[in-house]
$ cat upload.cif   # mmCIF, C-alpha atoms and all ligand atoms
data_data
#
loop_
_atom_site.label_atom_id
_atom_site.label_comp_id
_atom_site.auth_asym_id
_atom_site.auth_seq_id
_atom_site.Cartn_x
_atom_site.Cartn_y
_atom_site.Cartn_z
CA MET A 1350 -1.72 -30.96 26.98
CA ILE A 1351 0.73 -28.08 26.58
CA GLU A 1352 3.29 -27.88 29.39
CA VAL A 1353 4.11 -24.29 30.35
CA SER A 1354 7.34 -23.03 32.00
CA ARG A 1355 7.27 -19.29 32.47
CA CYS A 1356 10.30 -17.03 32.38
CA GLN A 1357 11.56 -15.60 35.67
CA ASN A 1358 11.88 -11.99 34.53
CA SER A 1359 10.01 -10.42 31.66
CA ARG A 1360 12.02 -8.33 29.18
CA ILE A 1361 8.99 -6.21 28.31
CA ASP A 1362 10.19 -3.13 30.20
CA THR A 1363 13.35 -2.99 28.08
CA VAL A 1364 11.37 -2.60 24.84
CA ASP A 1365 10.42 0.74 23.25
CA PHE A 1366 7.23 -0.21 21.39
CA ASN A 1367 7.37 2.99 19.35
CA GLN A 1368 10.83 2.24 17.94
CA LEU A 1369 10.50 -1.33 16.73
CA THR A 1370 12.44 -2.69 13.79
CA PHE A 1371 10.18 -5.26 12.08
CA GLY A 1372 10.76 -8.76 13.40
CA LYS A 1373 13.77 -8.00 15.59
CA THR A 1374 12.12 -8.11 19.01
CA PHE A 1375 10.67 -11.30 20.42
CA THR A 1376 8.37 -11.82 23.39
CA ASP A 1377 9.20 -13.69 26.59
CA HIS A 1378 7.98 -17.14 25.51
CA MET A 1379 7.92 -19.52 22.57
CA PHE A 1380 6.09 -22.73 21.72
CA CYS A 1381 7.98 -25.89 20.73
CA CYS A 1382 6.86 -29.37 19.73
CA THR A 1383 9.07 -32.22 18.60
CA TYR A 1384 8.44 -34.82 15.90
CA ASP A 1385 10.11 -38.12 16.62
CA GLN A 1386 9.26 -41.78 15.94
CA GLY A 1387 6.37 -40.70 13.72
CA VAL A 1388 4.54 -38.52 16.27
CA TRP A 1389 4.40 -34.87 17.28
CA GLN A 1390 5.16 -34.91 20.99
CA ASN A 1391 6.09 -32.85 24.05
CA PRO A 1392 4.20 -29.64 23.19
CA ARG A 1393 5.61 -26.97 25.50
CA ILE A 1394 5.83 -23.26 26.09
CA ILE A 1395 9.21 -22.21 27.39
CA PRO A 1396 11.12 -18.94 27.85
CA TYR A 1397 12.28 -17.49 24.52
CA GLY A 1398 15.91 -18.32 23.85
CA PRO A 1399 18.48 -20.09 21.67
CA ILE A 1400 18.10 -23.73 20.73
CA THR A 1401 20.83 -26.29 20.14
CA LEU A 1402 21.02 -28.23 16.88
CA ASP A 1403 23.43 -30.76 15.48
CA PRO A 1404 25.33 -29.20 12.54
CA GLY A 1405 24.31 -32.27 10.54
CA ALA A 1406 20.60 -31.38 10.92
CA LYS A 1407 18.96 -31.62 7.50
CA VAL A 1408 17.55 -28.12 7.63
CA PHE A 1409 21.11 -26.78 7.22
CA HIS A 1410 21.83 -28.91 4.18
CA TYR A 1411 18.59 -29.16 2.24
CA GLY A 1412 16.53 -26.27 3.55
CA GLN A 1413 13.67 -28.51 4.62
CA ALA A 1414 11.83 -25.72 6.40
CA ILE A 1415 8.48 -23.96 6.12
CA PHE A 1416 6.86 -21.09 7.98
CA GLU A 1417 3.75 -18.97 8.34
CA GLY A 1418 3.14 -15.31 9.03
CA MET A 1419 0.08 -14.24 10.96
CA LYS A 1420 -0.92 -11.43 13.31
CA ALA A 1421 -2.80 -10.69 16.52
CA PHE A 1422 -4.32 -7.29 17.32
CA LYS A 1423 -5.49 -5.62 20.52
CA ASP A 1424 -8.58 -3.43 20.61
CA ASP A 1425 -9.09 -0.34 22.76
CA HIS A 1426 -10.64 -2.43 25.55
CA GLY A 1427 -7.68 -4.79 25.87
CA SER A 1428 -9.17 -7.76 24.00
CA VAL A 1429 -6.73 -9.61 21.76
CA PHE A 1430 -7.76 -11.20 18.45
CA LEU A 1431 -6.08 -13.53 16.02
CA PHE A 1432 -6.86 -12.76 12.38
CA ARG A 1433 -8.09 -15.76 10.37
CA PRO A 1434 -5.80 -18.32 12.04
CA ASP A 1435 -7.64 -21.19 10.32
CA GLN A 1436 -6.32 -19.97 6.98
CA ASN A 1437 -2.70 -20.02 8.09
CA ILE A 1438 -3.06 -23.41 9.77
CA THR A 1439 -4.48 -24.92 6.58
CA ARG A 1440 -1.83 -23.33 4.40
CA PHE A 1441 0.93 -24.44 6.78
CA ASN A 1442 -0.04 -28.06 6.27
CA LYS A 1443 -0.21 -27.60 2.49
CA SER A 1444 3.34 -26.28 2.62
CA ALA A 1445 4.32 -29.17 4.91
CA GLN A 1446 2.96 -31.72 2.47
CA ARG A 1447 4.88 -30.18 -0.45
CA LEU A 1448 8.15 -30.19 1.50
CA ALA A 1449 7.62 -33.79 2.72
CA ILE A 1450 7.26 -32.55 6.31
CA PRO A 1451 4.72 -34.29 8.57
CA GLU A 1452 1.58 -32.18 8.94
CA PHE A 1453 1.04 -30.52 12.31
CA PRO A 1454 -2.26 -31.38 14.10
CA GLU A 1455 -4.65 -28.46 13.51
CA ALA A 1456 -6.27 -28.51 16.95
CA LEU A 1457 -2.89 -28.46 18.71
CA PHE A 1458 -1.69 -25.66 16.40
CA PHE A 1459 -4.73 -23.58 17.32
CA GLU A 1460 -4.40 -24.30 21.05
CA ALA A 1461 -0.70 -23.42 20.92
CA LEU A 1462 -1.44 -20.09 19.23
CA LYS A 1463 -4.11 -19.13 21.74
CA THR A 1464 -2.14 -20.24 24.80
CA LEU A 1465 1.11 -18.58 23.74
CA VAL A 1466 -0.49 -15.30 22.69
CA ASP A 1467 -2.49 -15.24 25.93
CA ILE A 1468 0.66 -15.73 28.04
CA ASP A 1469 2.43 -12.87 26.22
CA ARG A 1470 -0.68 -10.71 25.71
CA ASP A 1471 0.95 -7.66 27.35
CA TRP A 1472 3.30 -7.59 24.35
CA VAL A 1473 0.36 -6.87 22.02
CA LYS A 1474 -0.02 -3.10 22.04
CA ALA A 1475 -3.32 -1.45 21.33
CA GLY A 1476 -3.42 1.44 18.96
CA HIS A 1477 -3.18 2.00 15.30
CA GLY A 1478 -0.30 0.27 13.54
CA HIS A 1479 0.65 -1.98 16.47
CA ALA A 1480 0.35 -5.73 16.05
CA LEU A 1481 1.88 -8.97 17.23
CA TYR A 1482 3.49 -10.80 14.33
CA ILE A 1483 3.26 -14.56 14.81
CA ARG A 1484 5.85 -16.80 13.18
CA PRO A 1485 5.11 -20.55 13.26
CA PHE A 1486 7.76 -22.67 11.53
CA VAL A 1487 9.12 -26.19 11.18
CA ILE A 1488 12.71 -27.25 10.65
CA ALA A 1489 14.16 -30.67 9.88
CA THR A 1490 16.34 -31.58 12.84
CA GLU A 1491 17.38 -35.14 12.10
CA THR A 1492 21.10 -35.50 11.53
CA GLY A 1493 22.33 -36.81 8.19
CA VAL A 1494 23.43 -35.54 4.83
CA ALA A 1495 21.62 -38.12 2.74
CA ALA A 1496 19.30 -36.11 0.48
CA SER A 1497 16.01 -37.43 1.83
CA PRO A 1498 13.30 -36.11 4.16
CA ALA A 1499 14.23 -36.01 7.83
CA GLY A 1500 12.69 -38.31 10.41
CA GLY A 1501 12.80 -35.62 13.10
CA TYR A 1502 11.46 -32.05 13.16
CA GLU A 1503 10.93 -29.14 15.52
CA PHE A 1504 7.78 -27.02 15.23
CA MET A 1505 8.01 -23.65 16.92
CA ILE A 1506 5.99 -20.47 17.27
CA LEU A 1507 7.68 -17.14 17.95
CA LEU A 1508 5.92 -13.84 18.66
CA SER A 1509 7.24 -10.45 17.67
CA PRO A 1510 5.63 -7.08 18.44
CA VAL A 1511 5.67 -5.01 15.25
CA THR A 1512 4.57 -1.83 13.59
CA ALA A 1513 4.61 -1.15 9.82
CA TYR A 1514 6.76 -3.34 7.54
CA TYR A 1515 7.18 -0.50 5.05
CA ASN A 1516 7.15 3.13 6.13
CA GLU A 1517 6.87 4.62 2.68
CA LYS A 1518 5.29 3.99 -0.70
CA LEU A 1519 7.18 1.39 -2.68
CA LYS A 1520 9.17 1.45 -5.87
CA VAL A 1521 9.00 -1.95 -7.53
CA LEU A 1522 10.96 -3.45 -10.42
CA ILE A 1523 9.27 -5.84 -12.85
CA ALA A 1524 11.35 -9.01 -13.22
CA ASP A 1525 12.50 -9.72 -16.75
CA HIS A 1526 15.32 -12.17 -16.06
CA TYR A 1527 15.15 -13.84 -12.64
CA SER A 1528 12.14 -15.87 -11.52
CA ARG A 1529 10.62 -16.63 -8.15
CA ALA A 1530 8.77 -19.83 -8.95
CA ALA A 1531 8.09 -22.27 -11.74
CA ASP A 1532 5.19 -24.50 -12.74
CA GLY A 1533 5.08 -27.57 -10.55
CA GLY A 1534 7.47 -25.96 -8.07
CA VAL A 1535 7.01 -24.67 -4.53
CA GLY A 1536 5.93 -21.07 -5.21
CA PHE A 1537 2.55 -21.59 -3.53
CA ALA A 1538 4.17 -22.92 -0.35
CA LYS A 1539 5.76 -20.88 2.40
CA ALA A 1540 9.02 -22.71 1.93
CA ALA A 1541 11.90 -20.86 3.58
CA GLY A 1542 13.98 -21.28 0.42
CA ASN A 1543 11.44 -19.35 -1.67
CA TYR A 1544 12.45 -16.25 0.23
CA ALA A 1545 16.20 -16.92 0.28
CA ALA A 1546 16.13 -17.32 -3.50
CA GLN A 1547 14.68 -13.81 -3.86
CA PHE A 1548 17.39 -12.08 -1.85
CA TYR A 1549 19.99 -11.82 -4.61
CA PRO A 1550 17.71 -10.43 -7.38
CA THR A 1551 16.04 -8.17 -4.80
CA ASN A 1552 19.46 -6.85 -3.77
CA LEU A 1553 20.20 -6.05 -7.43
CA ALA A 1554 16.88 -4.17 -7.60
CA ARG A 1555 17.71 -2.34 -4.34
CA GLU A 1556 21.00 -1.16 -5.83
CA LYS A 1557 18.88 0.53 -8.49
CA GLY A 1558 16.68 2.20 -5.87
CA TYR A 1559 13.76 -0.26 -5.77
CA HIS A 1560 12.26 -1.79 -2.63
CA GLN A 1561 10.92 -4.96 -4.19
CA VAL A 1562 10.65 -7.01 -7.36
CA ILE A 1563 7.33 -7.78 -9.04
CA TRP A 1564 7.78 -11.36 -10.15
CA THR A 1565 6.52 -12.43 -13.53
CA ASP A 1566 5.87 -15.93 -14.86
CA ALA A 1567 9.11 -17.81 -15.36
CA SER A 1568 8.58 -18.79 -19.00
CA SER A 1569 7.60 -15.52 -20.69
CA HIS A 1570 8.12 -12.80 -18.02
CA GLU A 1571 4.89 -11.39 -19.37
CA PHE A 1572 2.38 -12.04 -16.58
CA LEU A 1573 2.56 -10.14 -13.31
CA GLU A 1574 2.34 -12.54 -10.38
CA GLU A 1575 3.65 -11.53 -6.97
CA ALA A 1576 5.62 -8.69 -5.39
CA GLY A 1577 8.44 -9.83 -3.10
CA THR A 1578 6.78 -10.71 0.18
CA MET A 1579 3.33 -9.67 -1.09
CA ASN A 1580 0.55 -10.47 -3.54
CA VAL A 1581 -0.06 -7.63 -5.96
CA PHE A 1582 -3.12 -5.68 -7.15
CA PHE A 1583 -3.47 -3.27 -10.08
CA ARG A 1584 -6.25 -0.72 -10.46
CA VAL A 1585 -7.03 0.02 -14.08
CA GLY A 1586 -9.80 2.59 -14.37
CA ASP A 1587 -12.09 1.51 -11.55
CA THR A 1588 -11.31 -2.19 -11.81
CA LEU A 1589 -9.01 -3.92 -9.38
CA ILE A 1590 -7.06 -6.79 -10.94
CA THR A 1591 -5.05 -9.52 -9.25
CA ALA A 1592 -3.62 -12.74 -10.62
CA PRO A 1593 -5.44 -15.99 -9.89
CA THR A 1594 -3.49 -18.22 -7.54
CA ASN A 1595 -1.75 -21.23 -9.00
CA ASP A 1596 1.20 -23.41 -8.03
CA ARG A 1597 3.58 -20.45 -8.43
CA ILE A 1598 1.67 -17.90 -6.37
CA LEU A 1599 1.12 -17.76 -2.62
CA ASP A 1600 -2.53 -17.98 -1.65
CA GLY A 1601 -2.27 -14.88 0.54
CA VAL A 1602 -4.66 -14.47 3.46
CA THR A 1603 -4.60 -10.67 3.08
CA ARG A 1604 -5.14 -11.11 -0.67
CA LYS A 1605 -8.27 -13.20 -0.17
CA SER A 1606 -9.50 -10.81 2.54
CA ILE A 1607 -9.11 -7.89 0.14
CA ILE A 1608 -11.08 -9.75 -2.52
CA ASP A 1609 -13.93 -10.32 -0.04
CA LEU A 1610 -13.83 -6.72 1.17
CA ALA A 1611 -13.80 -5.39 -2.40
CA HIS A 1612 -16.95 -7.39 -3.14
CA GLU A 1613 -18.57 -6.13 0.04
CA MET A 1614 -17.64 -2.52 -0.88
CA HIS A 1615 -19.05 -3.05 -4.40
CA LEU A 1616 -15.68 -2.38 -6.01
CA ASP A 1617 -15.21 -3.94 -9.40
CA ILE A 1618 -12.64 -6.72 -8.98
CA SER A 1619 -11.29 -9.07 -11.58
CA ILE A 1620 -9.18 -12.11 -10.78
CA ARG A 1621 -7.34 -12.79 -13.96
CA LYS A 1622 -3.94 -12.91 -15.55
CA PHE A 1623 -2.60 -9.40 -16.11
CA SER A 1624 0.24 -8.84 -18.53
CA VAL A 1625 3.12 -6.39 -18.68
CA THR A 1626 1.81 -5.30 -22.10
CA GLU A 1627 -1.58 -4.44 -20.58
CA LEU A 1628 0.13 -2.66 -17.70
CA MET A 1629 2.16 -0.48 -20.08
CA GLU A 1630 -0.90 0.27 -22.21
CA ALA A 1631 -2.88 1.26 -19.12
CA TYR A 1632 0.00 3.42 -17.91
CA HIS A 1633 0.31 5.27 -21.22
CA SER A 1634 -3.44 5.78 -21.61
CA GLY A 1635 -3.70 7.14 -18.06
CA ASP A 1636 -5.97 4.29 -16.95
CA LEU A 1637 -3.44 2.82 -14.50
CA LYS A 1638 -4.49 4.41 -11.21
CA GLU A 1639 -2.86 2.30 -8.50
CA ILE A 1640 -0.65 -0.64 -7.73
CA PHE A 1641 -0.45 -2.08 -4.23
CA GLY A 1642 0.89 -5.14 -2.51
CA SER A 1643 -0.84 -7.17 0.19
CA GLY A 1644 0.55 -9.44 2.85
CA THR A 1645 0.37 -10.20 6.55
CA ALA A 1646 3.57 -8.34 7.33
CA ALA A 1647 3.04 -5.55 4.79
CA THR A 1648 -0.78 -5.26 5.24
CA ILE A 1649 -1.58 -3.14 2.16
CA SER A 1650 1.40 -1.21 0.80
CA ALA A 1651 0.93 1.28 -2.01
CA VAL A 1652 3.36 1.51 -4.90
CA SER A 1653 4.51 4.95 -6.07
CA ALA A 1654 6.43 3.86 -9.17
CA PHE A 1655 7.48 0.79 -11.10
CA GLY A 1656 10.50 0.04 -13.21
CA HIS A 1657 10.55 -1.98 -16.39
CA LYS A 1658 13.58 -2.54 -18.60
CA ASP A 1659 15.56 0.36 -17.12
CA LYS A 1660 12.73 2.88 -17.29
CA LEU A 1661 10.87 4.25 -14.29
CA TYR A 1662 7.13 4.87 -14.48
CA THR A 1663 5.65 7.06 -11.75
CA LEU A 1664 2.03 6.49 -10.81
CA PRO A 1665 -0.40 9.39 -10.54
CA GLU A 1666 -1.67 10.60 -7.17
CA VAL A 1667 -5.32 9.60 -6.99
CA SER A 1668 -7.87 10.86 -4.52
CA ASP A 1669 -9.40 8.35 -2.10
CA PRO A 1670 -7.25 5.46 -3.35
CA TYR A 1671 -8.63 1.94 -3.23
CA ALA A 1672 -5.49 0.92 -1.29
CA ASP A 1673 -6.46 3.26 1.58
CA ARG A 1674 -10.13 2.35 1.51
CA LEU A 1675 -9.40 -1.36 1.62
CA LYS A 1676 -6.69 -0.96 4.26
CA HIS A 1677 -9.04 0.97 6.54
CA ALA A 1678 -11.81 -1.59 6.06
CA LEU A 1679 -9.39 -4.44 6.81
CA GLN A 1680 -7.87 -2.75 9.85
CA ASP A 1681 -11.27 -1.79 11.24
CA ILE A 1682 -12.06 -5.50 11.38
CA GLN A 1683 -8.61 -6.45 12.70
CA TYR A 1684 -8.71 -3.87 15.52
CA ASN A 1685 -12.36 -4.63 16.36
CA ARG A 1686 -13.52 -1.17 15.32
CA ALA A 1687 -16.14 -2.56 12.95
CA ASN A 1688 -18.48 -5.50 12.67
CA ASP A 1689 -16.89 -8.67 11.43
CA PRO A 1690 -19.42 -10.00 8.90
CA PHE A 1691 -16.96 -12.65 7.69
CA GLY A 1692 -16.08 -14.08 11.12
CA TRP A 1693 -12.37 -13.35 10.71
CA ARG A 1694 -11.56 -12.32 14.28
CA VAL A 1695 -10.82 -15.04 16.82
CA ILE A 1696 -10.66 -13.82 20.40
CA VAL A 1697 -7.76 -15.03 22.52
C1 LIG A 1701 4.19 -12.32 5.75
O1 LIG A 1701 3.59 -11.37 5.25
O2 LIG A 1701 3.85 -12.85 6.81
C2 LIG A 1701 5.34 -12.86 5.10
O3 LIG A 1701 5.46 -14.03 5.00
C3 LIG A 1701 6.37 -11.94 4.72
C4 LIG A 1701 7.60 -12.22 5.50
C5 LIG A 1701 8.54 -12.94 4.63
C6 LIG A 1701 8.18 -10.99 6.10
#
$ encode --input "upload.cif" --output "structure tokens" --more "lines below"
Ligand code: COI
Amino acid sequence: MIEVSRCQNSRIDTVDFNQLTFGKTFTDHMFCCTYDQGVWQNPRIIPYGPITLDPGAKVFHYGQAIFEGMKAFKDDHGSVFLFRPDQNITRFNKSAQRLAIPEFPEALFFEALKTLVDIDRDWVKAGHGHALYIRPFVIATETGVAASPAGGYEFMILLSPVTAYYNEKLKVLIADHYSRAADGGVGFAKAAGNYAAQFYPTNLAREKGYHQVIWTDASSHEFLEEAGTMNVFFRVGDTLITAPTNDRILDGVTRKSIIDLAHEMHLDISIRKFSVTELMEAYHSGDLKEIFGSGTAATISAVSAFGHKDKLYTLPEVSDPYADRLKHALQDIQYNRANDPFGWRVIV
């Protein structure tokens, strides 16, 4: 049973929903649940606000923390839908297992999502581009600097009204020195540290005018794997190519939705390893038509150019790009403008 304490005064009237910076504004409430003595307990929804932690909490010392990113959408009639929450819940517990964090009960996770989003449903704006970004996470709260898993954790869910993550087409740099993930590592998990470890190489790329890095496999830097906060797709001729997931690559919910939509739209899609050599050959022969990234935050974000070993390669403008077609098909389902043959929408 989730205990609910509502805030006295909503902050909603102070927010300009047309001038949002991604992930900077949070709604009135948050969900918390504490792990202690081997059980998740005291599930509660409370007013959004700071929390107090002991500076010895293990999250500060060993980064024992995982998160998820998901979204809710409002249709033109005021109904609010979660998009494929089951996928995020399952992936959350895979990440938890890898980081030696106790799994969070699926039914309680789902109930918490629905209850919290319902309480703050006025913060979900209808209309194209508006969404509620949902950020579940767990941190290790037990005090102690022994390098071992904590005995205490806090699970929380925050809600943030958002619009687009990227407002322009992206320039991406292909990694040829730094790596995001290694075989047997945590690349597939949404471990907080996976993202922190990208900041420095991404900053170096930004200094050269790029938005993001396309990560390659750590051993040869030859296979194209993931783009910053997104999975990545390449269109060569009329075939869409994306890397198969493995223990280095995040099993993106938007990625798998795109694969299903591409099949439904009878687009040719190939899930296979794709190399830098093939990319360069396709670029030079004129067969490389599009590159785009996919992610919950970024939705589908088209790439305008990529860099490799200090050279910039600009992609051609194509008519009726696959990125746009797939994005429209995805958003039509998310905003309840189209049938949902896959059963992805979950009404709140
Ligand atoms: C998401 O797309 O939800 C992500 O996890 C990206 C986030 C790091 C902004």
$ residues_around --input "upload.cif" --residues "Tyr1632 (chain A)" --least-positions-apart "5" --cutoff "9 Å" --atoms "all atoms listed in the file" --output "list in words"
Val1585, Glu1627, Leu1637, Lys1638, Tyr1662 and Leu1664 of chain A
$ write_last_selection --input "upload.cif" --atoms "C-alpha atoms" --output "mmCIF file, in the coordinates of the input"
data_model
loop_
_atom_site.group_PDB
_atom_site.id
_atom_site.type_symbol
_atom_site.label_atom_id
_atom_site.label_comp_id
_atom_site.auth_asym_id
_atom_site.auth_seq_id
_atom_site.Cartn_x
_atom_site.Cartn_y
_atom_site.Cartn_z
ATOM 1 C CA VAL A 1585 -7.030 0.020 -14.080
ATOM 2 C CA GLU A 1627 -1.580 -4.440 -20.580
ATOM 3 C CA LEU A 1637 -3.440 2.820 -14.500
ATOM 4 C CA LYS A 1638 -4.490 4.410 -11.210
ATOM 5 C CA TYR A 1662 7.130 4.870 -14.480
ATOM 6 C CA LEU A 1664 2.030 6.490 -10.810
#
$ residues_around --input "upload.cif" --residues "Phe1583 (chain A)" --least-positions-apart "2" --cutoff "7 Å" --atoms "only C-alpha atoms" --output "PyMOL selection string"
chain A and resi 1581+1585+1589-1591+1639-1641
$ atom_distance --input "upload.cif" --atom1 "CA of Lys1622 (chain A)" --atom2 "CA of Pro1434 (chain A)"
28.2 Å
$ closest_residue --input "upload.cif" --among "A:Tyr1397, A:Phe1486, A:Trp1693, A:Phe1366" --to "ligand LIG 1701 (chain A)" --atoms "only C-alpha atoms and all ligand atoms"
A:Phe1486
$ closest_residue --input "upload.cif" --among "A:Lys1420, A:Arg1447, A:Lys1605, A:Lys1520" --to "ligand LIG 1701 (chain A)" --atoms "all atoms listed in the file"
A:Lys1420
$ closest_residue --input "upload.cif" --among "A:Trp1472, A:Phe1623, A:Tyr1514, A:Tyr1684" --to "ligand LIG 1701 (chain A)" --atoms "only C-alpha atoms and all ligand atoms"
A:Tyr1514
$ residues_near_ligand --input "upload.cif" --ligand "ligand LIG 1701 (chain A)" --cutoff "7 Å" --atoms "only C-alpha atoms and all ligand atoms" --output "PyMOL selection string"
chain A and resi 1417-1419+1544+1578-1579+1644-1647
$ atom_distance --input "upload.cif" --atom1 "CA of Gly1398 (chain A)" --atom2 "CA of Met1505 (chain A)"
11.8 Å
$ closest_residue --input "upload.cif" --among "A:Gly1586, A:Asp1566, A:Asp1609, A:Glu1455" --to "Gly1692 (chain A)" --atoms "only C-alpha atoms"
A:Asp1609
$ atom_distance --input "upload.cif" --atom1 "CA of Asp1467 (chain A)" --atom2 "CA of Val1697 (chain A)"
6.3 Å
$ closest_atom_pairs --input "upload.cif" --of "region 1479-1589 of chain A" --to "region 1649-1660 of chain A" --cutoff "12 Å" --atoms "all atoms listed in the file" --output "JSON lines"
{"residue": "A:Ala1513", "atom": "CA", "partner": "A:Ser1650", "partner_atom": "CA", "distance": 9.6}
{"residue": "A:Tyr1514", "atom": "CA", "partner": "A:Ser1650", "partner_atom": "CA", "distance": 8.9}
{"residue": "A:Tyr1515", "atom": "CA", "partner": "A:Ser1650", "partner_atom": "CA", "distance": 7.2}
{"residue": "A:Asn1516", "atom": "CA", "partner": "A:Ser1650", "partner_atom": "CA", "distance": 9.0}
{"residue": "A:Glu1517", "atom": "CA", "partner": "A:Ser1650", "partner_atom": "CA", "distance": 8.2}
{"residue": "A:Lys1518", "atom": "CA", "partner": "A:Val1652", "partner_atom": "CA", "distance": 5.2}
{"residue": "A:Leu1519", "atom": "CA", "partner": "A:Val1652", "partner_atom": "CA", "distance": 4.4}
{"residue": "A:Lys1520", "atom": "CA", "partner": "A:Ala1654", "partner_atom": "CA", "distance": 4.9}
{"residue": "A:Val1521", "atom": "CA", "partner": "A:Phe1655", "partner_atom": "CA", "distance": 4.8}
{"residue": "A:Leu1522", "atom": "CA", "partner": "A:Gly1656", "partner_atom": "CA", "distance": 4.5}
{"residue": "A:Ile1523", "atom": "CA", "partner": "A:His1657", "partner_atom": "CA", "distance": 5.4}
{"residue": "A:Ala1524", "atom": "CA", "partner": "A:His1657", "partner_atom": "CA", "distance": 7.8}
{"residue": "A:Asp1525", "atom": "CA", "partner": "A:Lys1658", "partner_atom": "CA", "distance": 7.5}
{"residue": "A:His1526", "atom": "CA", "partner": "A:Lys1658", "partner_atom": "CA", "distance": 10.1}
{"residue": "A:Ala1554", "atom": "CA", "partner": "A:Gly1656", "partner_atom": "CA", "distance": 9.5}
{"residue": "A:Arg1555", "atom": "CA", "partner": "A:Gly1656", "partner_atom": "CA", "distance": 11.7}
{"residue": "A:Lys1557", "atom": "CA", "partner": "A:Asp1659", "partner_atom": "CA", "distance": 9.2}
{"residue": "A:Gly1558", "atom": "CA", "partner": "A:Gly1656", "partner_atom": "CA", "distance": 9.8}
{"residue": "A:Tyr1559", "atom": "CA", "partner": "A:Gly1656", "partner_atom": "CA", "distance": 8.1}
{"residue": "A:His1560", "atom": "CA", "partner": "A:Val1652", "partner_atom": "CA", "distance": 9.8}
{"residue": "A:Gln1561", "atom": "CA", "partner": "A:Phe1655", "partner_atom": "CA", "distance": 9.6}
{"residue": "A:Val1562", "atom": "CA", "partner": "A:Gly1656", "partner_atom": "CA", "distance": 9.2}
{"residue": "A:Ile1563", "atom": "CA", "partner": "A:Phe1655", "partner_atom": "CA", "distance": 8.8}
{"residue": "A:Trp1564", "atom": "CA", "partner": "A:His1657", "partner_atom": "CA", "distance": 11.6}
{"residue": "A:Thr1565", "atom": "CA", "partner": "A:His1657", "partner_atom": "CA", "distance": 11.6}
{"residue": "A:His1570", "atom": "CA", "partner": "A:His1657", "partner_atom": "CA", "distance": 11.2}
{"residue": "A:Glu1571", "atom": "CA", "partner": "A:His1657", "partner_atom": "CA", "distance": 11.4}
{"residue": "A:Leu1573", "atom": "CA", "partner": "A:His1657", "partner_atom": "CA", "distance": 11.8}
{"residue": "A:Ala1576", "atom": "CA", "partner": "A:Val1652", "partner_atom": "CA", "distance": 10.5}
{"residue": "A:Gly1577", "atom": "CA", "partner": "A:Ser1650", "partner_atom": "CA", "distance": 11.8}
{"residue": "A:Thr1578", "atom": "CA", "partner": "A:Ser1650", "partner_atom": "CA", "distance": 10.9}
{"residue": "A:Met1579", "atom": "CA", "partner": "A:Ile1649", "partner_atom": "CA", "distance": 8.8}
{"residue": "A:Asn1580", "atom": "CA", "partner": "A:Ile1649", "partner_atom": "CA", "distance": 9.5}
{"residue": "A:Val1581", "atom": "CA", "partner": "A:Ile1649", "partner_atom": "CA", "distance": 9.4}
{"residue": "A:Phe1582", "atom": "CA", "partner": "A:Ala1651", "partner_atom": "CA", "distance": 9.6}
{"residue": "A:Phe1583", "atom": "CA", "partner": "A:Val1652", "partner_atom": "CA", "distance": 9.8}
{"residue": "A:Arg1584", "atom": "CA", "partner": "A:Ala1651", "partner_atom": "CA", "distance": 11.3}
$ residues_around --input "upload.cif" --residues "Tyr1411 (chain A)" --least-positions-apart "2" --cutoff "10 Å" --atoms "all atoms listed in the file" --output "MDAnalysis selection string"
chainID A and resid 1406:1409 1413:1414 1489 1494:1499 1542
$ residues_around --input "upload.cif" --residues "Phe1458 (chain A)" --least-positions-apart "5" --cutoff "9 Å" --atoms "all atoms listed in the file" --output "mmCIF file with C-alpha atoms, in the frame of the given file"
data_model
loop_
_atom_site.group_PDB
_atom_site.id
_atom_site.type_symbol
_atom_site.label_atom_id
_atom_site.label_comp_id
_atom_site.auth_asym_id
_atom_site.auth_seq_id
_atom_site.Cartn_x
_atom_site.Cartn_y
_atom_site.Cartn_z
ATOM 1 C CA ILE A 1438 -3.060 -23.410 9.770
ATOM 2 C CA PHE A 1453 1.040 -30.520 12.310
ATOM 3 C CA LYS A 1463 -4.110 -19.130 21.740
#
$ closest_atom_pairs --input "upload.cif" --of "region 1443-1548 of chain A" --to "region 1675-1682 of chain A" --cutoff "12 Å" --atoms "all atoms listed in the file" --output "Markdown table"
| residue | atom | partner | partner_atom | distance |
| --- | --- | --- | --- | --- |
| A:Gly1476 | CA | A:Gln1680 | CA | 11.0 |
| A:His1477 | CA | A:Gln1680 | CA | 8.6 |
| A:Gly1478 | CA | A:Gln1680 | CA | 8.9 |
| A:His1479 | CA | A:Gln1680 | CA | 10.8 |
| A:Ala1480 | CA | A:Gln1680 | CA | 10.7 |
